[in-house]
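*Asks:* My structure file work_39.txt, compact mmCIF, C-alpha atoms, is below:
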# COMPACT_ATOMS: atom_id res chain seq x y z
CA MET A 1 12.75 13.33 4.39
CA VAL A 2 14.26 9.91 5.01
CA ALA A 3 11.83 7.09 4.23
CA PRO A 4 10.64 4.99 7.20
CA TRP A 5 11.97 1.76 5.69
CA ASP A 6 15.45 3.28 5.41
CA ILE A 7 15.43 4.48 9.02
CA TYR A 8 14.13 1.11 10.18
CA ALA A 9 16.70 -0.91 8.25
CA GLU A 10 19.64 1.26 9.19
CA ARG A 11 18.86 1.36 12.90
CA LEU A 12 17.99 -2.33 13.41
CA PHE A 13 20.56 -3.91 11.08
CA SER A 14 23.26 -3.74 13.75
CA LEU A 15 21.34 -6.28 15.85
CA GLY A 16 22.85 -8.92 13.59
CA TYR A 17 19.78 -10.89 12.53
CA GLY A 18 19.86 -9.70 8.91
CA TYR A 19 18.27 -6.96 6.86
CA PRO A 20 15.15 -5.63 8.65
CA LEU A 21 12.08 -5.61 6.39
CA TRP A 22 9.61 -2.78 6.95
CA ALA A 23 7.01 -4.87 5.07
CA PRO A 24 7.31 -8.45 6.43
CA GLU A 25 4.06 -9.74 4.88
CA PRO A 26 4.14 -12.55 2.28
CA SER A 27 3.52 -11.53 -1.30
CA LEU A 28 -0.12 -11.85 -2.30
CA GLN A 29 0.99 -13.31 -5.63
CA PHE A 30 4.07 -15.39 -4.73
CA GLY A 31 3.65 -16.21 -1.05
CA GLU A 32 6.35 -16.41 1.61
CA VAL A 33 10.02 -15.67 1.16
CA ARG A 34 12.00 -18.89 0.54
CA ILE A 35 15.62 -20.00 0.40
CA GLY A 36 16.82 -19.53 -3.17
CA ASP A 37 14.44 -16.70 -4.03
CA ILE A 38 15.98 -14.24 -6.48
CA GLY A 39 14.67 -10.71 -6.27
CA TYR A 40 15.38 -7.20 -5.08
CA LEU A 41 14.58 -4.83 -2.22
CA SER A 42 12.46 -1.71 -2.64
CA GLU A 43 10.64 0.43 -0.07
CA GLY A 44 11.34 -2.02 2.73
CA ARG A 45 9.87 -4.99 0.88
CA PHE A 46 11.34 -8.02 -0.89
CA HIS A 47 10.20 -8.26 -4.52
CA PHE A 48 10.27 -11.76 -6.00
CA LEU A 49 11.58 -12.54 -9.50
CA PHE A 50 11.98 -16.34 -9.49
CA ASN A 51 13.30 -19.16 -7.34
CA CYS A 52 16.53 -20.85 -8.40
CA THR A 53 16.21 -24.04 -6.31
CA VAL A 54 13.08 -25.45 -7.97
CA PRO A 55 12.50 -26.59 -11.58
CA GLU A 56 11.60 -24.17 -14.33
CA ASP A 57 8.02 -25.46 -14.45
CA ASP A 58 7.42 -25.18 -10.70
CA PRO A 59 4.24 -23.18 -10.03
CA ILE A 60 6.19 -20.52 -8.11
CA ASN A 61 8.08 -19.63 -11.31
CA VAL A 62 4.86 -18.63 -13.00
CA ARG A 63 6.51 -15.61 -14.70
CA GLY A 64 9.25 -17.76 -16.16
CA VAL A 65 12.97 -18.07 -15.53
CA PRO A 66 16.08 -16.71 -17.27
CA PRO A 67 17.17 -18.33 -20.57
CA GLY A 68 19.48 -21.28 -19.99
CA PHE A 69 18.15 -21.69 -16.45
CA GLU A 70 19.89 -24.33 -14.33
CA ALA A 71 18.32 -25.00 -10.96
CA MET A 72 20.69 -24.94 -7.99
CA THR A 73 20.76 -28.21 -6.07
CA VAL A 74 20.46 -27.64 -2.33
CA ASP A 75 21.07 -30.59 -0.05
CA VAL A 76 18.61 -30.80 2.83
CA THR A 77 21.55 -30.83 5.25
CA ALA A 78 22.66 -27.42 3.93
CA VAL A 79 19.57 -25.69 5.32
CA GLU A 80 19.59 -25.16 9.08
CA GLU A 81 16.56 -24.35 11.20
CA HIS A 82 16.98 -22.26 14.35
CA PRO A 83 13.71 -22.20 16.31
CA ASN A 84 13.33 -19.35 18.79
CA GLU A 85 16.22 -17.36 17.31
CA ILE A 86 14.56 -14.26 18.76
CA VAL A 87 12.71 -14.69 22.04
CA GLN A 88 12.67 -11.06 23.19
CA PRO A 89 9.25 -9.41 22.81
CA GLN A 90 10.95 -6.15 21.81
CA LEU A 91 13.96 -5.25 19.67
CA ARG A 92 15.15 -1.66 19.94
CA SER A 93 17.79 0.38 18.19
CA GLN A 94 20.70 1.87 20.09
CA GLY A 95 19.69 4.98 22.01
CA LEU A 96 16.15 3.86 22.90
CA HIS A 97 15.69 3.37 26.64
CA SER A 98 12.45 2.30 28.30
CA ILE A 99 11.18 4.82 30.85
CA SER A 100 7.87 3.57 32.19
CA MET A 101 4.46 2.14 31.39
CA GLY A 102 1.09 3.28 32.51
CA GLY A 103 -2.60 3.48 31.75
CA GLU A 104 -3.00 7.19 32.27
CA ALA A 105 -3.82 9.39 29.30
CA ASN A 106 -1.12 11.96 28.72
CA ALA A 107 -2.09 15.10 26.83
CA ARG A 108 1.38 15.40 25.33
CA TYR A 109 0.75 12.31 23.21
CA ALA A 110 -1.81 11.65 20.52
CA ASN A 111 -4.31 8.89 21.39
CA ALA A 112 -2.45 8.02 24.58
CA SER A 113 -3.64 4.89 26.42
CA VAL A 114 -1.97 1.86 27.95
CA GLY A 115 1.55 1.87 26.60
CA VAL A 116 5.23 2.43 27.18
CA ARG A 117 7.56 5.43 26.92
CA TYR A 118 11.12 5.49 25.64
CA TYR A 119 13.83 8.05 26.11
CA CYS A 120 15.56 8.73 22.76
CA SER A 121 19.20 9.78 23.04
CA GLU A 122 19.65 9.85 19.26
CA GLN A 123 17.89 11.68 16.43
CA SER A 124 16.47 8.53 14.86
CA GLY A 125 15.52 5.08 15.99
CA ALA A 126 13.44 1.98 15.38
CA LEU A 127 11.48 -0.55 17.38
CA LEU A 128 10.10 -4.02 16.62
CA MET A 129 7.59 -5.81 18.86
CA LEU A 130 6.73 -9.51 18.54
CA LYS A 131 3.84 -11.59 19.80
CA ASP A 132 5.70 -14.88 19.33
CA PRO A 133 9.39 -15.83 18.92
CA GLY A 134 11.20 -15.35 15.63
CA HIS A 135 12.37 -18.57 13.94
CA ALA A 136 15.43 -18.54 11.66
CA THR A 137 16.23 -20.58 8.56
CA ARG A 138 19.65 -20.27 6.90
CA LEU A 139 21.57 -21.79 4.00
CA THR A 140 24.99 -22.94 5.17
CA SER A 141 26.61 -23.73 1.82
CA ASP A 142 27.92 -20.20 1.28
CA ARG A 143 30.60 -21.07 -1.24
CA HIS A 144 28.20 -22.93 -3.53
CA ALA A 145 25.71 -20.07 -3.40
CA ARG A 146 28.39 -17.49 -4.23
CA GLU A 147 29.70 -19.51 -7.16
CA TYR A 148 26.20 -20.10 -8.49
CA MET A 149 25.31 -16.41 -8.28
CA ARG A 150 28.57 -15.32 -9.91
CA LYS A 151 27.96 -17.71 -12.81
CA HIS A 152 24.33 -16.73 -13.49
CA LEU A 153 23.93 -13.10 -12.40
CA GLN A 154 24.12 -11.62 -15.89
CA GLN A 155 21.28 -13.87 -17.08
CA TRP A 156 19.24 -12.96 -13.99
CA HIS A 157 19.73 -9.28 -14.65
CA ALA A 158 18.77 -9.63 -18.32
CA PHE A 159 15.63 -11.55 -17.33
CA ALA A 160 14.64 -8.94 -14.75
CA THR A 161 15.19 -5.97 -17.08
CA ASP A 162 14.44 -7.25 -20.58
CA SER A 163 11.77 -9.88 -19.87
CA LEU A 164 10.06 -8.43 -16.78
CA GLY A 165 10.78 -4.74 -17.40
CA HIS A 166 12.32 -3.84 -14.04
CA ASP A 167 14.77 -0.93 -13.88
CA LEU A 168 17.53 -2.65 -11.94
CA GLN A 169 21.31 -2.82 -11.77
CA GLU A 170 23.11 -6.12 -11.28
CA SER A 171 24.01 -4.94 -7.79
CA ASP A 172 20.29 -4.62 -6.94
CA ILE A 173 19.62 -8.34 -7.40
CA ILE A 174 19.84 -10.52 -4.31
CA PHE A 175 19.95 -14.26 -3.58
CA VAL A 176 17.97 -15.10 -0.44
CA SER A 177 20.08 -17.30 1.82
CA GLY A 178 18.08 -17.06 5.04
CA PHE A 179 15.45 -15.27 7.05
CA VAL A 180 13.78 -14.85 10.43
CA LYS A 181 9.99 -15.20 10.50
CA THR A 182 7.32 -14.69 13.13
CA THR A 183 3.53 -14.63 13.46
CA VAL A 184 2.50 -11.09 14.48
CA TRP A 185 4.52 -7.88 14.67
CA ALA A 186 4.35 -4.15 15.27
CA GLU A 187 7.07 -1.69 14.30
CA ALA A 188 7.94 1.98 14.54
CA ALA A 189 10.62 4.26 13.11
CA PHE A 190 11.23 7.92 13.88
CA SER A 191 13.49 10.85 13.14
CA CYS A 192 13.72 14.32 14.63
CA LYS A 193 15.98 17.38 14.62
CA SER A 194 17.15 17.01 18.22
CA THR A 195 18.06 14.38 20.78
CA ASN A 196 16.58 13.66 24.22
CA GLY A 197 13.03 13.20 22.96
CA GLU A 198 10.42 10.74 24.15
CA LEU A 199 8.73 8.07 22.06
CA TYR A 200 5.34 6.83 23.21
CA ILE A 201 3.94 3.50 22.01
CA SER A 202 0.25 3.22 22.79
CA GLY A 203 -2.99 1.48 21.88
CA GLY A 204 -4.49 -1.95 22.24
CA ALA A 205 -1.62 -3.59 20.36
CA LEU A 206 0.23 -3.71 23.67
CA SER A 207 -0.74 -5.77 26.65
CA CYS A 208 -0.49 -4.20 30.10
CA SER A 209 2.97 -5.69 30.45
CA GLY A 210 4.10 -4.13 27.21
CA SER A 211 5.44 -7.48 26.16
CA SER A 212 2.96 -8.81 23.65
CA LEU A 213 0.61 -7.74 20.91
CA ALA A 214 -2.91 -8.07 22.16
CA SER A 215 -5.40 -6.39 19.85
CA GLY A 216 -5.86 -4.68 16.54
CA SER A 217 -4.53 -1.17 17.16
CA PHE A 218 -1.10 0.36 17.49
CA SER A 219 0.21 3.93 17.46
CA ALA A 220 3.41 5.85 18.07
CA SER A 221 4.04 9.51 18.84
CA MET A 222 6.83 11.74 20.16
CA CYS A 223 7.34 14.81 22.33
CA LYS A 224 10.20 16.84 23.84
CA CYS A 225 12.06 17.03 20.53
CA GLU A 226 12.18 19.26 17.44
CA GLN A 227 10.23 18.42 14.29
CA PRO A 228 9.54 14.75 15.04
CA THR A 229 8.39 12.39 12.30
CA VAL A 230 7.04 9.04 13.43
CA PHE A 231 5.99 6.05 11.33
CA HIS A 232 4.38 2.82 12.49
CA ARG A 233 2.86 -0.39 11.12
CA TRP A 234 1.45 -3.61 12.56
CA GLY A 235 0.10 -6.84 11.24
CA PRO A 236 -1.16 -9.02 9.91
CA LEU A 237 -4.55 -7.54 10.81
CA CYS A 238 -6.30 -10.87 10.33
CA ARG A 239 -4.41 -12.29 13.32
CA LEU A 240 -5.35 -9.50 15.71
CA PRO A 241 -8.72 -9.08 17.42
CA ARG A 242 -10.99 -6.95 15.26
CA GLY A 243 -12.42 -4.81 18.02
CA ASN A 244 -10.01 -1.87 17.76
CA GLY A 245 -8.34 -2.35 14.42
CA PRO A 246 -9.24 -0.77 11.08
CA LYS A 247 -11.55 -2.80 8.87
CA SER A 248 -9.98 -4.08 5.69
CA ALA A 249 -11.22 -5.56 2.45
CA GLY A 250 -11.32 -9.28 1.83
CA HIS A 251 -13.02 -10.19 5.08
CA ALA A 252 -13.60 -13.80 4.07
CA ALA A 253 -10.00 -14.31 2.99
CA GLU A 254 -8.76 -12.80 6.25
CA ARG A 255 -11.04 -15.13 8.21
CA ASP A 256 -9.48 -18.13 6.50
CA GLU A 257 -5.95 -16.95 7.25
CA HIS A 258 -6.92 -16.24 10.84
CA LEU A 259 -7.41 -19.99 11.29
CA ASP A 260 -3.65 -20.43 10.78
CA GLU A 261 -2.68 -17.64 13.14
CA ARG A 262 0.28 -19.53 14.64
CA LYS A 263 2.10 -19.85 11.32
CA SER A 264 5.43 -18.03 11.22
CA ASP A 265 5.25 -16.56 7.72
CA GLN A 266 6.04 -12.89 8.41
CA CYS A 267 9.65 -12.23 7.31
CA ILE A 268 11.07 -9.69 9.75
CA PHE A 269 14.77 -10.16 8.84
CA LEU A 270 16.29 -11.24 5.52
CA ASN A 271 19.74 -12.74 4.80
CA PHE A 272 21.08 -12.58 1.26
CA PHE A 273 24.01 -12.41 -1.14
CA LYS A 274 24.52 -9.64 -3.67
CA MET A 275 27.20 -8.59 -6.13
CA LYS A 276 29.55 -5.72 -5.40
CA GLN A 277 31.94 -4.12 -7.87
CA ARG A 278 35.20 -3.22 -6.15
CA LEU A 279 37.25 -0.36 -7.51
CA PHE A 280 40.02 -1.64 -9.82
CA ARG A 281 39.12 -5.19 -8.85
CA SER A 282 36.84 -7.92 -10.15
CA ARG A 283 33.26 -8.27 -8.99
CA VAL A 284 32.65 -10.31 -5.86
CA VAL A 285 29.52 -11.84 -4.34
CA MET A 286 29.14 -10.58 -0.79
CA ARG A 287 26.94 -11.63 2.12
CA ALA A 288 24.84 -8.67 3.23
CA ALA A 289 26.16 -8.55 6.78
CA ALA A 290 28.08 -5.29 7.04
CA GLY A 291 25.23 -2.81 6.79
CA PRO A 292 22.05 -2.29 4.79
CA HIS A 293 23.58 0.16 2.33
CA HIS A 294 27.36 -0.21 2.55
CA LEU A 295 28.51 -3.77 2.03
CA PRO A 296 32.22 -4.65 2.43
For the structure just supplied, provide its representation as structure tokens.
*Replies:*
Amino acid sequence: MVAPWDIYAERLFSLGYGYPLWAPEPSLQFGEVRIGDIGYLSEGRFHFLFNCTVPEDDPINVRGVPPGFEAMTVDVTAVEEHPNEIVQPQLRSQGLHSISMGGEANARYANASVGVRYYCSEQSGALLMLKDPGHATRLTSDRHAREYMRKHLQQWHAFATDSLGHDLQESDIIFVSGFVKTTVWAEAAFSCKSTNGELYISGGALSCSGSSLASGSFSASMCKCEQPTVFHRWGPLCRLPRGNGPKSAGHAAERDEHLDERKSDQCIFLNFFKMKQRLFRSRVVMRAAAGPHHLP
């Protein structure tokens, strides 16, 4: 079975915003994704190692930095902000076509309620729904970032494997050069053995217009196809009304975060550089912009 984060990344990458993260939430230990973060991707989530644009003794580098660490200098003019990069309330993969919305319960779907149906002309697909626009931040000094990564990658890899104990290849390590963040999101990914199925998105997470996330529940189901497998997530729960959503631990902490509910700290798309070894040629640092698994 293909993992949901792989389906999600593969089907939404072609939209051109970057690598789609199945787990957009900030790290509980290291916080939000930042320009200059060095890390790796696993199970749809970015895993932080250290940040190369701040000093060695910066609090974010609490686990240390590679031996011989030299911070990369980033001029403030080299970081561009693009507010409202994504204003659509829904992003869908190719082959997903909206059919209708309605409040009637349909026995073909589990937990059907107010929601929207999609016709699925392909055997897999993905969907992202946003409450607020997605705001982009990108590093424009590509050449400097490539040169810096090429110079230091071996030390980064040694630090990740020998010092931190991660089982990684050099090609797994990425340099974060940009991202798109939002406030609240809901996502779904599916696969089935046939085409022409129907995907149903239901629950209180959708308003009657199907255009915004309204409360703390969200579900996805399929019919009219063979052996469907459907995955879905939504969050952060602390920013959705508690009436319909599952209760979670850390109620007090969630209440505090709820006060900052308009903060765009959920990283839905990630831009990065990584190393690729070309056959019979030297290694090159590539921007991850040609596909989630097959870089040029």
*Asks:* Looking at A:Asp172, A:Glu187, A:Glu81, A:Asp265, which one is nearest to Gly31 (chain A), with distances taken over all atoms listed in the file?
*Replies:*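 Under the stated criterion, the closest residue is A:Asp265.
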*Asks:* Identify which of the residues A:Ala78, A:Val65, A:Leu237, A:Cys225 lies closest to His157 (chain A), counting all atoms listed in the file when measuring atom-to-atom distances.
*Replies:* A:Val65
*Asks:* I'd like the interatomic distance between CA of Gln29 (chain A) and CA of Leu153 (chain A), to a tenth of an Å.
*Replies:*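 The value is 23.9 Å.
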*Asks:* Record the distance separating CA of Glu56 (chain A) and CA of Pro24 (chain A), expressed in Å with one decimal.
*Replies:*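 Computing it gives 26.4 Å between the two atoms.
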*Asks:* For a quick check of understanding, using only C-alpha atoms, which of A:Met149, A:Val116, A:Leu130, A:Leu41 has the smallest distance to Asn84 (chain A)?
*Replies:*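 Among A:Met149, A:Val116, A:Leu130, A:Leu41, it is A:Leu130 that comes nearest to Asn84 (chain A).
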*Asks:* Which residues of region 59-105 of chain A come within 10 Å of region 131-143 of chain A, and for each one, what is the closest pair of atoms and their distance in Å to one decimal, counting all atoms listed in the file, sorted by chain and residue number, as a Markdown table?
*Replies:*
| residue | atom | partner | partner_atom | distance |
| --- | --- | --- | --- | --- |
| A:Val74 | CA | A:Ser141 | CA | 8.4 |
| A:Asp75 | CA | A:Ser141 | CA | 9.0 |
| A:Val76 | CA | A:Leu139 | CA | 9.6 |
| A:Thr77 | CA | A:Thr140 | CA | 8.6 |
| A:Ala78 | CA | A:Thr140 | CA | 5.2 |
| A:Val79 | CA | A:Leu139 | CA | 4.6 |
| A:Glu80 | CA | A:Arg138 | CA | 5.4 |
| A:Glu81 | CA | A:Thr137 | CA | 4.6 |
| A:His82 | CA | A:Ala136 | CA | 4.8 |
| A:Pro83 | CA | A:His135 | CA | 4.5 |
| A:Asn84 | CA | A:His135 | CA | 5.0 |
| A:Glu85 | CA | A:His135 | CA | 5.3 |
| A:Ile86 | CA | A:Gly134 | CA | 4.7 |
| A:Val87 | CA | A:Pro133 | CA | 4.7 |
| A:Gln88 | CA | A:Pro133 | CA | 7.2 |
| A:Pro89 | CA | A:Lys131 | CA | 6.6 |
| A:Gln90 | CA | A:Lys131 | CA | 9.2 |
*Asks:* Within 8 Å of Ile201 (chain A), counting only C-alpha atoms, which residues show up once you throw out same-chain ones fewer than 6 positions away? Write them as a PyMOL selection string, please.
*Replies:* chain A and resi 115-117+218-221
*Asks:* Can you work out the spacing between CA of Arg11 (chain A) and CA of Ser93 (chain A) in Å, to one decimal?
*Replies:*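 A separation of 5.5 Å between them.
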*Asks:* Using only C-alpha atoms, which of the listed residues (A:Gly125, A:Phe50, A:Met1, A:Tyr118) sits closest to Val62 (chain A)?
*Replies:*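 Of A:Gly125, A:Phe50, A:Met1, A:Tyr118, the one nearest Val62 (chain A), counting only C-alpha atoms, is A:Phe50.
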